[in-house]
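Here's run-v9.cif, which has mmCIF, C-alpha atoms:
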```cif
data_query
loop_
_atom_site.group_PDB
_atom_site.id
_atom_site.type_symbol
_atom_site.label_atom_id
_atom_site.label_comp_id
_atom_site.auth_asym_id
_atom_site.auth_seq_id
_atom_site.Cartn_x
_atom_site.Cartn_y
_atom_site.Cartn_z
ATOM 1 C CA MET A 1 18.180 31.731 -82.745
ATOM 2 C CA ARG A 2 20.847 32.147 -85.424
ATOM 3 C CA ILE A 3 23.836 29.948 -86.260
ATOM 4 C CA ALA A 4 26.810 31.831 -87.699
ATOM 5 C CA LEU A 5 30.241 30.872 -88.993
ATOM 6 C CA ASP A 6 33.485 32.449 -87.846
ATOM 7 C CA PRO A 7 35.469 32.206 -91.117
ATOM 8 C CA GLN A 8 38.915 32.261 -89.491
ATOM 9 C CA MET A 9 39.910 29.077 -91.344
ATOM 10 C CA LEU A 10 38.825 30.764 -94.590
ATOM 11 C CA ARG A 11 41.047 33.807 -94.062
ATOM 12 C CA SER A 12 42.890 33.187 -97.350
ATOM 13 C CA THR A 13 39.599 33.382 -99.240
ATOM 14 C CA PRO A 14 39.293 36.854 -100.805
ATOM 15 C CA LEU A 15 36.982 39.001 -98.711
ATOM 16 C CA LEU A 16 34.440 39.598 -101.475
ATOM 17 C CA GLU A 17 34.250 35.864 -102.267
ATOM 18 C CA LEU A 18 33.547 34.934 -98.657
ATOM 19 C CA PRO A 19 29.726 35.361 -98.759
ATOM 20 C CA ASP A 20 29.299 32.821 -101.568
ATOM 21 C CA VAL A 21 31.610 30.331 -99.859
ATOM 22 C CA VAL A 22 29.756 30.646 -96.549
ATOM 23 C CA ALA A 23 26.392 30.261 -98.275
ATOM 24 C CA GLY A 24 27.698 27.178 -100.073
ATOM 25 C CA MET A 25 28.479 25.615 -96.685
ATOM 26 C CA GLY A 26 24.837 26.025 -95.647
ATOM 27 C CA TYR A 27 25.172 29.050 -93.370
ATOM 28 C CA GLU A 28 22.856 32.039 -93.469
ATOM 29 C CA TRP A 29 24.953 34.073 -91.036
ATOM 30 C CA ILE A 30 28.598 35.012 -90.588
ATOM 31 C CA GLU A 31 30.557 36.568 -87.728
ATOM 32 C CA LEU A 32 33.357 38.671 -89.194
ATOM 33 C CA SER A 33 36.402 37.986 -87.020
ATOM 34 C CA PRO A 34 39.844 39.599 -87.399
ATOM 35 C CA ARG A 35 41.617 39.219 -90.728
ATOM 36 C CA GLU A 36 44.515 41.171 -92.167
ATOM 37 C CA ASP A 37 42.547 42.784 -95.019
ATOM 38 C CA PHE A 38 39.596 43.818 -92.861
ATOM 39 C CA ILE A 39 40.068 44.538 -89.128
ATOM 40 C CA PRO A 40 43.358 42.912 -88.025
ATOM 41 C CA PHE A 41 44.247 41.924 -84.479
ATOM 42 C CA PHE A 42 45.484 44.967 -82.507
ATOM 43 C CA LYS A 43 45.789 47.231 -85.562
ATOM 44 C CA HIS A 44 43.861 49.960 -87.334
ATOM 45 C CA PRO A 45 41.268 48.592 -89.802
ATOM 46 C CA ARG A 46 42.645 48.044 -93.295
ATOM 47 C CA VAL A 47 39.411 47.958 -95.288
ATOM 48 C CA ASP A 48 38.102 51.077 -97.042
ATOM 49 C CA LEU A 49 34.446 52.079 -97.240
ATOM 50 C CA ALA A 50 34.234 51.270 -100.961
ATOM 51 C CA THR A 51 35.162 47.665 -100.195
ATOM 52 C CA VAL A 52 32.752 47.604 -97.249
ATOM 53 C CA ARG A 53 29.932 48.668 -99.580
ATOM 54 C CA ALA A 54 30.947 46.039 -102.130
ATOM 55 C CA LEU A 55 30.989 43.411 -99.360
ATOM 56 C CA ARG A 56 27.520 44.470 -98.259
ATOM 57 C CA SER A 57 26.264 43.962 -101.810
ATOM 58 C CA LYS A 58 27.923 40.534 -102.052
ATOM 59 C CA LEU A 59 26.372 39.476 -98.754
ATOM 60 C CA THR A 60 22.921 40.495 -99.970
ATOM 61 C CA ASP A 61 23.373 38.616 -103.235
ATOM 62 C CA ALA A 62 24.483 35.475 -101.363
ATOM 63 C CA GLY A 63 21.632 35.663 -98.845
ATOM 64 C CA VAL A 64 24.093 35.838 -95.928
ATOM 65 C CA GLY A 65 23.631 38.167 -92.966
ATOM 66 C CA VAL A 66 26.322 39.394 -90.570
ATOM 67 C CA THR A 67 25.595 38.762 -86.908
ATOM 68 C CA SER A 68 28.543 40.796 -85.692
ATOM 69 C CA LEU A 69 32.019 42.191 -86.249
ATOM 70 C CA LEU A 70 34.743 41.028 -83.840
ATOM 71 C CA PRO A 71 37.620 43.493 -83.333
ATOM 72 C CA VAL A 72 40.314 42.537 -80.812
ATOM 73 C CA LEU A 73 42.179 45.671 -79.706
ATOM 74 C CA ARG A 74 44.264 46.743 -76.724
ATOM 75 C CA TRP A 75 41.674 49.017 -75.122
ATOM 76 C CA SER A 76 42.782 47.821 -71.651
ATOM 77 C CA GLY A 77 46.467 48.565 -72.149
ATOM 78 C CA PRO A 78 49.085 47.441 -71.192
ATOM 79 C CA GLY A 79 50.050 51.122 -71.600
ATOM 80 C CA GLU A 80 48.221 54.388 -72.166
ATOM 81 C CA ALA A 81 49.637 54.772 -75.684
ATOM 82 C CA GLU A 82 48.249 51.362 -76.643
ATOM 83 C CA ARG A 83 44.919 52.202 -75.053
ATOM 84 C CA GLN A 84 44.560 55.509 -76.894
ATOM 85 C CA ALA A 85 45.462 53.859 -80.197
ATOM 86 C CA ALA A 86 42.903 51.124 -79.575
ATOM 87 C CA VAL A 87 40.165 53.699 -78.960
ATOM 88 C CA ARG A 88 40.988 55.339 -82.299
ATOM 89 C CA TYR A 89 40.894 51.952 -84.020
ATOM 90 C CA TRP A 90 37.587 51.145 -82.314
ATOM 91 C CA ARG A 91 36.029 54.363 -83.640
ATOM 92 C CA ARG A 92 36.971 53.397 -87.179
ATOM 93 C CA ALA A 93 35.723 49.828 -86.669
ATOM 94 C CA ILE A 94 32.370 51.171 -85.480
ATOM 95 C CA GLU A 95 32.138 53.278 -88.655
ATOM 96 C CA ILE A 96 32.746 50.131 -90.708
ATOM 97 C CA CYS A 97 30.110 48.236 -88.733
ATOM 98 C CA VAL A 98 27.517 50.931 -89.366
ATOM 99 C CA GLU A 99 28.395 51.168 -93.076
ATOM 100 C CA LEU A 100 27.995 47.398 -93.360
ATOM 101 C CA GLY A 101 24.516 47.648 -91.821
ATOM 102 C CA VAL A 102 25.449 45.495 -88.804
ATOM 103 C CA ASP A 103 24.151 46.275 -85.324
ATOM 104 C CA THR A 104 26.507 44.218 -83.107
ATOM 105 C CA MET A 105 30.216 43.965 -82.300
ATOM 106 C CA ASN A 106 31.908 41.295 -80.163
ATOM 107 C CA SER A 107 35.189 41.661 -78.338
ATOM 108 C CA GLU A 108 37.393 40.576 -75.443
ATOM 109 C CA PHE A 109 38.356 42.428 -72.265
ATOM 110 C CA ASN A 110 42.058 42.156 -73.153
ATOM 111 C CA GLY A 111 44.589 43.724 -70.752
ATOM 112 C CA ARG A 112 47.204 41.910 -68.693
ATOM 113 C CA PRO A 113 46.191 39.370 -66.024
ATOM 114 C CA GLU A 114 49.287 40.115 -63.922
ATOM 115 C CA ALA A 115 48.149 43.764 -63.558
ATOM 116 C CA PRO A 116 44.346 43.435 -63.364
ATOM 117 C CA GLU A 117 43.625 46.660 -61.473
ATOM 118 C CA LEU A 118 45.560 48.799 -63.949
ATOM 119 C CA ALA A 119 43.983 46.980 -66.893
ATOM 120 C CA GLU A 120 40.514 47.447 -65.436
ATOM 121 C CA ALA A 121 41.118 51.154 -64.942
ATOM 122 C CA MET A 122 42.162 51.451 -68.586
ATOM 123 C CA PHE A 123 39.153 49.417 -69.697
ATOM 124 C CA TRP A 124 36.760 51.761 -67.877
ATOM 125 C CA ARG A 125 38.504 54.798 -69.357
ATOM 126 C CA SER A 126 38.040 53.329 -72.830
ATOM 127 C CA MET A 127 34.392 52.533 -72.114
ATOM 128 C CA GLU A 128 33.807 56.116 -71.006
ATOM 129 C CA GLU A 129 35.042 57.259 -74.416
ATOM 130 C CA LEU A 130 33.437 54.560 -76.559
ATOM 131 C CA LEU A 131 30.140 53.675 -74.893
ATOM 132 C CA PRO A 132 28.529 56.970 -76.002
ATOM 133 C CA VAL A 133 29.635 56.152 -79.566
ATOM 134 C CA PHE A 134 28.082 52.671 -79.433
ATOM 135 C CA GLU A 135 24.849 54.101 -78.024
ATOM 136 C CA ARG A 136 24.702 56.975 -80.521
ATOM 137 C CA GLU A 137 25.292 54.668 -83.488
ATOM 138 C CA GLY A 138 22.859 51.997 -82.257
ATOM 139 C CA VAL A 139 25.588 49.334 -82.143
ATOM 140 C CA LYS A 140 25.460 46.654 -79.430
ATOM 141 C CA LEU A 141 28.631 45.382 -77.753
ATOM 142 C CA VAL A 142 29.049 41.762 -76.591
ATOM 143 C CA LEU A 143 32.004 41.009 -74.299
ATOM 144 C CA GLU A 144 33.750 37.758 -73.397
ATOM 145 C CA PRO A 145 36.505 36.860 -70.944
ATOM 146 C CA HIS A 146 39.446 35.304 -72.732
ATOM 147 C CA PRO A 147 42.436 33.271 -71.563
ATOM 148 C CA ASP A 148 45.214 35.748 -70.696
ATOM 149 C CA ASP A 149 42.831 38.715 -70.322
ATOM 150 C CA PHE A 150 42.686 40.731 -67.117
ATOM 151 C CA ILE A 151 39.392 38.897 -66.557
ATOM 152 C CA GLU A 152 39.563 35.199 -67.399
ATOM 153 C CA LEU A 153 36.858 33.694 -65.159
ATOM 154 C CA GLY A 154 33.259 33.593 -66.306
ATOM 155 C CA LEU A 155 31.406 34.680 -63.172
ATOM 156 C CA PRO A 156 33.486 37.851 -62.586
ATOM 157 C CA ALA A 157 33.127 38.663 -66.291
ATOM 158 C CA VAL A 158 29.333 38.451 -66.059
ATOM 159 C CA ASP A 159 29.449 40.782 -63.059
ATOM 160 C CA MET A 160 31.678 43.207 -64.971
ATOM 161 C CA VAL A 161 29.231 43.316 -67.879
ATOM 162 C CA ARG A 162 26.385 43.867 -65.462
ATOM 163 C CA GLY A 163 28.362 46.689 -63.855
ATOM 164 C CA ILE A 164 28.648 48.497 -67.188
ATOM 165 C CA ASP A 165 24.885 48.802 -66.817
ATOM 166 C CA SER A 166 24.083 49.671 -70.413
ATOM 167 C CA PRO A 167 21.273 48.124 -72.458
ATOM 168 C CA CYS A 168 23.656 47.933 -75.404
ATOM 169 C CA VAL A 169 26.270 45.758 -73.626
ATOM 170 C CA SER A 170 25.834 42.013 -73.090
ATOM 171 C CA PHE A 171 27.832 38.824 -72.406
ATOM 172 C CA LEU A 172 29.315 36.152 -74.675
ATOM 173 C CA TYR A 173 30.031 32.633 -73.408
ATOM 174 C CA CYS A 174 32.821 30.827 -75.261
ATOM 175 C CA LEU A 175 32.489 27.059 -74.937
ATOM 176 C CA PRO A 176 36.110 26.214 -75.927
ATOM 177 C CA HIS A 177 37.238 28.476 -73.051
ATOM 178 C CA THR A 178 35.163 26.496 -70.547
ATOM 179 C CA PHE A 179 38.163 25.138 -68.646
ATOM 180 C CA HIS A 180 39.762 28.588 -68.366
ATOM 181 C CA GLN A 181 36.528 30.235 -67.216
ATOM 182 C CA GLY A 182 36.030 28.037 -64.157
ATOM 183 C CA ASP A 183 34.650 24.808 -65.685
ATOM 184 C CA ASP A 184 31.091 25.748 -64.770
ATOM 185 C CA ALA A 185 29.106 26.370 -67.947
ATOM 186 C CA PRO A 186 25.685 25.905 -66.236
ATOM 187 C CA GLY A 187 26.577 28.262 -63.403
ATOM 188 C CA ILE A 188 27.975 30.976 -65.655
ATOM 189 C CA ILE A 189 25.074 30.711 -68.092
ATOM 190 C CA ALA A 190 22.569 30.893 -65.232
ATOM 191 C CA ARG A 191 24.351 33.902 -63.686
ATOM 192 C CA ALA A 192 24.323 35.688 -67.048
ATOM 193 C CA GLY A 193 20.656 35.011 -67.785
ATOM 194 C CA ASP A 194 19.277 37.665 -70.111
ATOM 195 C CA LEU A 195 22.748 39.234 -70.410
ATOM 196 C CA LEU A 196 23.879 36.221 -72.463
ATOM 197 C CA THR A 197 23.243 36.986 -76.127
ATOM 198 C CA HIS A 198 26.018 35.132 -77.952
ATOM 199 C CA VAL A 199 27.785 31.756 -77.653
ATOM 200 C CA HIS A 200 30.945 30.601 -79.416
ATOM 201 C CA VAL A 201 30.729 26.894 -80.149
ATOM 202 C CA ALA A 202 33.771 24.617 -80.382
ATOM 203 C CA ASP A 203 35.327 21.860 -78.303
ATOM 204 C CA SER A 204 38.512 21.847 -76.213
ATOM 205 C CA MET A 205 40.520 19.476 -74.063
ATOM 206 C CA ASP A 206 40.506 20.019 -70.287
ATOM 207 C CA HIS A 207 44.044 21.264 -69.614
ATOM 208 C CA THR A 208 43.582 20.636 -65.874
ATOM 209 C CA ALA A 209 42.937 16.906 -66.316
ATOM 210 C CA SER A 210 45.371 14.176 -65.239
ATOM 211 C CA ASP A 211 46.645 16.262 -62.352
ATOM 212 C CA GLY A 212 47.528 19.049 -64.759
ATOM 213 C CA LEU A 213 49.770 16.815 -66.845
ATOM 214 C CA ARG A 214 47.687 16.621 -69.996
ATOM 215 C CA TYR A 215 49.904 19.356 -71.423
ATOM 216 C CA ILE A 216 53.520 19.647 -70.318
ATOM 217 C CA THR A 217 55.442 22.895 -70.709
ATOM 218 C CA ASN A 218 59.047 23.460 -69.769
ATOM 219 C CA PRO A 219 60.057 24.901 -67.446
ATOM 220 C CA PRO A 220 57.141 23.830 -65.207
ATOM 221 C CA GLY A 221 54.939 26.687 -64.079
ATOM 222 C CA ASN A 222 54.930 28.608 -67.350
ATOM 223 C CA THR A 223 51.957 30.971 -67.392
ATOM 224 C CA VAL A 224 50.660 29.716 -70.723
ATOM 225 C CA ARG A 225 46.964 29.287 -71.493
ATOM 226 C CA VAL A 226 46.521 26.189 -73.642
ATOM 227 C CA HIS A 227 43.213 25.446 -75.355
ATOM 228 C CA GLN A 228 41.824 24.418 -78.721
ATOM 229 C CA HIS A 229 38.891 25.361 -80.906
ATOM 230 C CA ALA A 230 38.061 21.872 -82.164
ATOM 231 C CA GLU A 231 34.969 20.269 -83.612
ATOM 232 C CA ILE A 232 32.287 19.051 -81.229
ATOM 233 C CA GLY A 233 33.261 15.602 -79.927
ATOM 234 C CA ARG A 234 37.021 16.105 -80.148
ATOM 235 C CA GLY A 235 37.455 17.432 -76.614
ATOM 236 C CA ASP A 236 36.027 17.417 -73.103
ATOM 237 C CA VAL A 237 33.357 20.141 -73.211
ATOM 238 C CA ASP A 238 29.974 18.826 -72.042
ATOM 239 C CA PHE A 239 27.733 20.204 -74.778
ATOM 240 C CA ASP A 240 24.571 18.551 -73.483
ATOM 241 C CA GLU A 241 25.102 20.234 -70.117
ATOM 242 C CA ALA A 242 25.774 23.600 -71.736
ATOM 243 C CA PHE A 243 22.851 23.495 -74.169
ATOM 244 C CA ALA A 244 20.488 22.350 -71.415
ATOM 245 C CA ALA A 245 21.595 25.409 -69.450
ATOM 246 C CA LEU A 246 21.028 27.634 -72.478
ATOM 247 C CA ALA A 247 17.528 26.223 -72.847
ATOM 248 C CA GLY A 248 16.992 26.827 -69.135
ATOM 249 C CA ILE A 249 17.484 30.586 -69.543
ATOM 250 C CA GLY A 250 15.448 30.737 -72.756
ATOM 251 C CA PHE A 251 18.491 31.624 -74.860
ATOM 252 C CA ASP A 252 17.535 33.018 -78.254
ATOM 253 C CA GLY A 253 20.746 34.618 -79.456
ATOM 254 C CA VAL A 254 23.620 33.734 -81.769
ATOM 255 C CA LEU A 255 25.552 30.457 -81.862
ATOM 256 C CA THR A 256 28.827 30.843 -83.757
ATOM 257 C CA THR A 257 30.883 27.953 -85.098
ATOM 258 C CA CYS A 258 34.465 28.876 -84.226
ATOM 259 C CA VAL A 259 36.696 25.926 -85.070
ATOM 260 C CA PHE A 260 40.338 26.878 -85.695
ATOM 261 C CA GLY A 261 43.475 24.999 -86.630
ATOM 262 C CA TRP A 262 42.232 22.678 -89.373
ATOM 263 C CA ASP A 263 42.499 24.949 -92.418
ATOM 264 C CA ASP A 264 42.731 22.015 -94.807
ATOM 265 C CA GLN A 265 39.239 20.937 -93.707
ATOM 266 C CA ALA A 266 37.688 24.387 -93.343
ATOM 267 C CA ARG A 267 34.590 23.838 -95.487
ATOM 268 C CA GLU A 268 33.951 20.247 -94.410
ATOM 269 C CA SER A 269 34.433 21.166 -90.761
ATOM 270 C CA GLY A 270 32.039 24.078 -90.988
ATOM 271 C CA THR A 271 29.382 21.889 -92.573
ATOM 272 C CA ARG A 272 29.772 19.201 -89.882
ATOM 273 C CA MET A 273 29.585 21.798 -87.114
ATOM 274 C CA LEU A 274 26.396 23.286 -88.533
ATOM 275 C CA ALA A 275 24.737 19.866 -88.428
ATOM 276 C CA ALA A 276 26.025 19.148 -84.905
ATOM 277 C CA ILE A 277 24.768 22.470 -83.531
ATOM 278 C CA ARG A 278 21.357 21.991 -85.113
ATOM 279 C CA GLU A 279 21.160 18.554 -83.515
ATOM 280 C CA LEU A 280 21.927 20.021 -80.075
ATOM 281 C CA VAL A 281 19.318 22.753 -80.498
ATOM 282 C CA THR A 282 16.674 20.231 -81.571
ATOM 283 C CA LYS A 283 17.512 18.034 -78.585
ATOM 284 C CA HIS A 284 17.492 20.679 -75.864
ATOM 285 C CA PHE A 285 14.998 23.319 -76.932
ATOM 286 C CA PRO A 286 11.499 21.944 -76.405
ATOM 287 C CA ASP A 287 9.739 24.176 -78.903
ATOM 288 C CA GLY A 288 11.499 22.293 -81.681
ATOM 289 C CA THR A 289 12.815 25.445 -83.335
ATOM 290 C CA THR A 290 15.865 24.538 -85.406
ATOM 291 C CA PRO A 291 17.833 27.422 -86.926
#
```
Just dump the structure as structure tokens.
Amino acid sequence: MRIALDPQMLRSTPLLELPDVVAGMGYEWIELSPREDFIPFFKHPRVDLATVRALRSKLTDAGVGVTSLLPVLRWSGPGEAERQAAVRYWRRAIEICVELGVDTMNSEFNGRPEAPELAEAMFWRSMEELLPVFEREGVKLVLEPHPDDFIELGLPAVDMVRGIDSPCVSFLYCLPHTFHQGDDAPGIIARAGDLLTHVHVADSMDHTASDGLRYITNPPGNTVRVHQHAEIGRGDVDFDEAFAALAGIGFDGVLTTCVFGWDDQARESGTRMLAAIRELVTKHFPDGTTP
């Protein structure tokens, strides 16, 4: 099992300085999420191969490995032009992943929830174009449902990943999305079983609590998806329940710290999360292995 850091709160740190900062926080692994000077949200990658090679050298010097790259692109639409552009951006992102010596990429289903059949059709079209590239390059793909995607619930997302039916595609469970995925971490984790290879770890408040009045938006009925990525203990996620379920399936994948929104405490927060995750692993995994 590996514990990685999503450095979103360190996005102002120069890219080539990031490995030393992450190592200084106690992490041996990093998950490279979207940032404007690397692979931005919904845009073509900005980094050149010379910088990728320099980053690879810096990572080696710092003793930090990369568990995965995380592009978020519109490969499920909403329109065909967006989908085609996203496929082009994905091809470049895969090249970057290979050049960096990384064998895994994470992403979201994306697409519009109000037009799920159209979004799914576009997703499958993109997979038909990209899955052969992933398989040829030896890059694994890990998919998660996300609030406001065409698939938001955990159980249907597991079934979708299973339906792709490729040994290089697996499932990611995101703990801070628990209350948007159906509020059933044990059930989703059990359904995923061996397909579950990656978990995002952060806390979130249950937006459905107090008769749906924990968060108030005006006008009532807005189709917003409210959640946080907070430190463990600052929300309503049942981490003991979730980690017991992970132990129950023999999980041995990646646990990524993904706390957002507290940039002024980025390093301290990351250090606290590393300790909290290690404590949960020690508590729930009987072999005593602590990453």
### Summary
What separates CA of Pro40 in chain A and CA of Pro71 in chain A is a distance of 7.4 Å
## Note on the structure
What separates CA of Leu100 in chain A and CA of Asp20 in chain A is a distance of 16.8 Å
Explicit residue set for the PyMOL selection byres ((chain A and resi 42-54) around 9), as a PDB file with C-alpha atoms, in the frame of the given file:
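Ended up saving to result38.pdb:
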```pdb
ATOM      1  CA  LEU A  15      36.982  39.001 -98.711  1.00  0.00           C
ATOM      2  CA  LEU A  16      34.440  39.598-101.475  1.00  0.00           C
ATOM      3  CA  GLU A  36      44.515  41.171 -92.167  1.00  0.00           C
ATOM      4  CA  ASP A  37      42.547  42.784 -95.019  1.00  0.00           C
ATOM      5  CA  PHE A  38      39.596  43.818 -92.861  1.00  0.00           C
ATOM      6  CA  ILE A  39      40.068  44.538 -89.128  1.00  0.00           C
ATOM      7  CA  PRO A  40      43.358  42.912 -88.025  1.00  0.00           C
ATOM      8  CA  PHE A  41      44.247  41.924 -84.479  1.00  0.00           C
ATOM      9  CA  LEU A  55      30.989  43.411 -99.360  1.00  0.00           C
ATOM     10  CA  ARG A  56      27.520  44.470 -98.259  1.00  0.00           C
ATOM     11  CA  SER A  57      26.264  43.962-101.810  1.00  0.00           C
ATOM     12  CA  LYS A  58      27.923  40.534-102.052  1.00  0.00           C
ATOM     13  CA  LEU A  59      26.372  39.476 -98.754  1.00  0.00           C
ATOM     14  CA  PRO A  71      37.620  43.493 -83.333  1.00  0.00           C
ATOM     15  CA  VAL A  72      40.314  42.537 -80.812  1.00  0.00           C
ATOM     16  CA  LEU A  73      42.179  45.671 -79.706  1.00  0.00           C
ATOM     17  CA  ARG A  74      44.264  46.743 -76.724  1.00  0.00           C
ATOM     18  CA  ALA A  85      45.462  53.859 -80.197  1.00  0.00           C
ATOM     19  CA  ALA A  86      42.903  51.124 -79.575  1.00  0.00           C
ATOM     20  CA  ARG A  88      40.988  55.339 -82.299  1.00  0.00           C
ATOM     21  CA  TYR A  89      40.894  51.952 -84.020  1.00  0.00           C
ATOM     22  CA  TRP A  90      37.587  51.145 -82.314  1.00  0.00           C
ATOM     23  CA  ARG A  92      36.971  53.397 -87.179  1.00  0.00           C
ATOM     24  CA  ALA A  93      35.723  49.828 -86.669  1.00  0.00           C
ATOM     25  CA  GLU A  95      32.138  53.278 -88.655  1.00  0.00           C
ATOM     26  CA  ILE A  96      32.746  50.131 -90.708  1.00  0.00           C
ATOM     27  CA  CYS A  97      30.110  48.236 -88.733  1.00  0.00           C
ATOM     28  CA  GLU A  99      28.395  51.168 -93.076  1.00  0.00           C
ATOM     29  CA  LEU A 100      27.995  47.398 -93.360  1.00  0.00           C
TER      30      LEU A 100
END
```
What are the nearest atom pairs, with distances in Å to one decimal, for all residues of range 59-173 of chain A that come at most 10 Å from range 216-234 of chain A, using all atoms listed in the file, set out by chain and rising residue number as a Markdown table?
```
| residue | atom | partner | partner_atom | distance |
| --- | --- | --- | --- | --- |
| A:His146 | CA | A:Arg225 | CA | 9.7 |
| A:Pro147 | CA | A:Arg225 | CA | 6.0 |
| A:Asp148 | CA | A:Arg225 | CA | 6.7 |
```
### Query
Could you name the residues that touch Gly111 in chain A at 10 Å or less, counting all atoms listed in the file, but leaving out those on the same chain fewer than 2 positions away, as a ChimeraX atom specification?
/A:73-79,83,108-109,113-120,122-123,148-151
Would you compute an axis-aligned box for range 2-12 of chain A, covering every atom listed for it in the file with 5 Å of margin on each side, and report centre and edge lengths in Å to one decimal as AutoDock Vina command-line options?
```
--center_x 31.9 --center_y 31.4 --center_z -91.4 --size_x 32.0 --size_y 14.7 --size_z 21.9
```
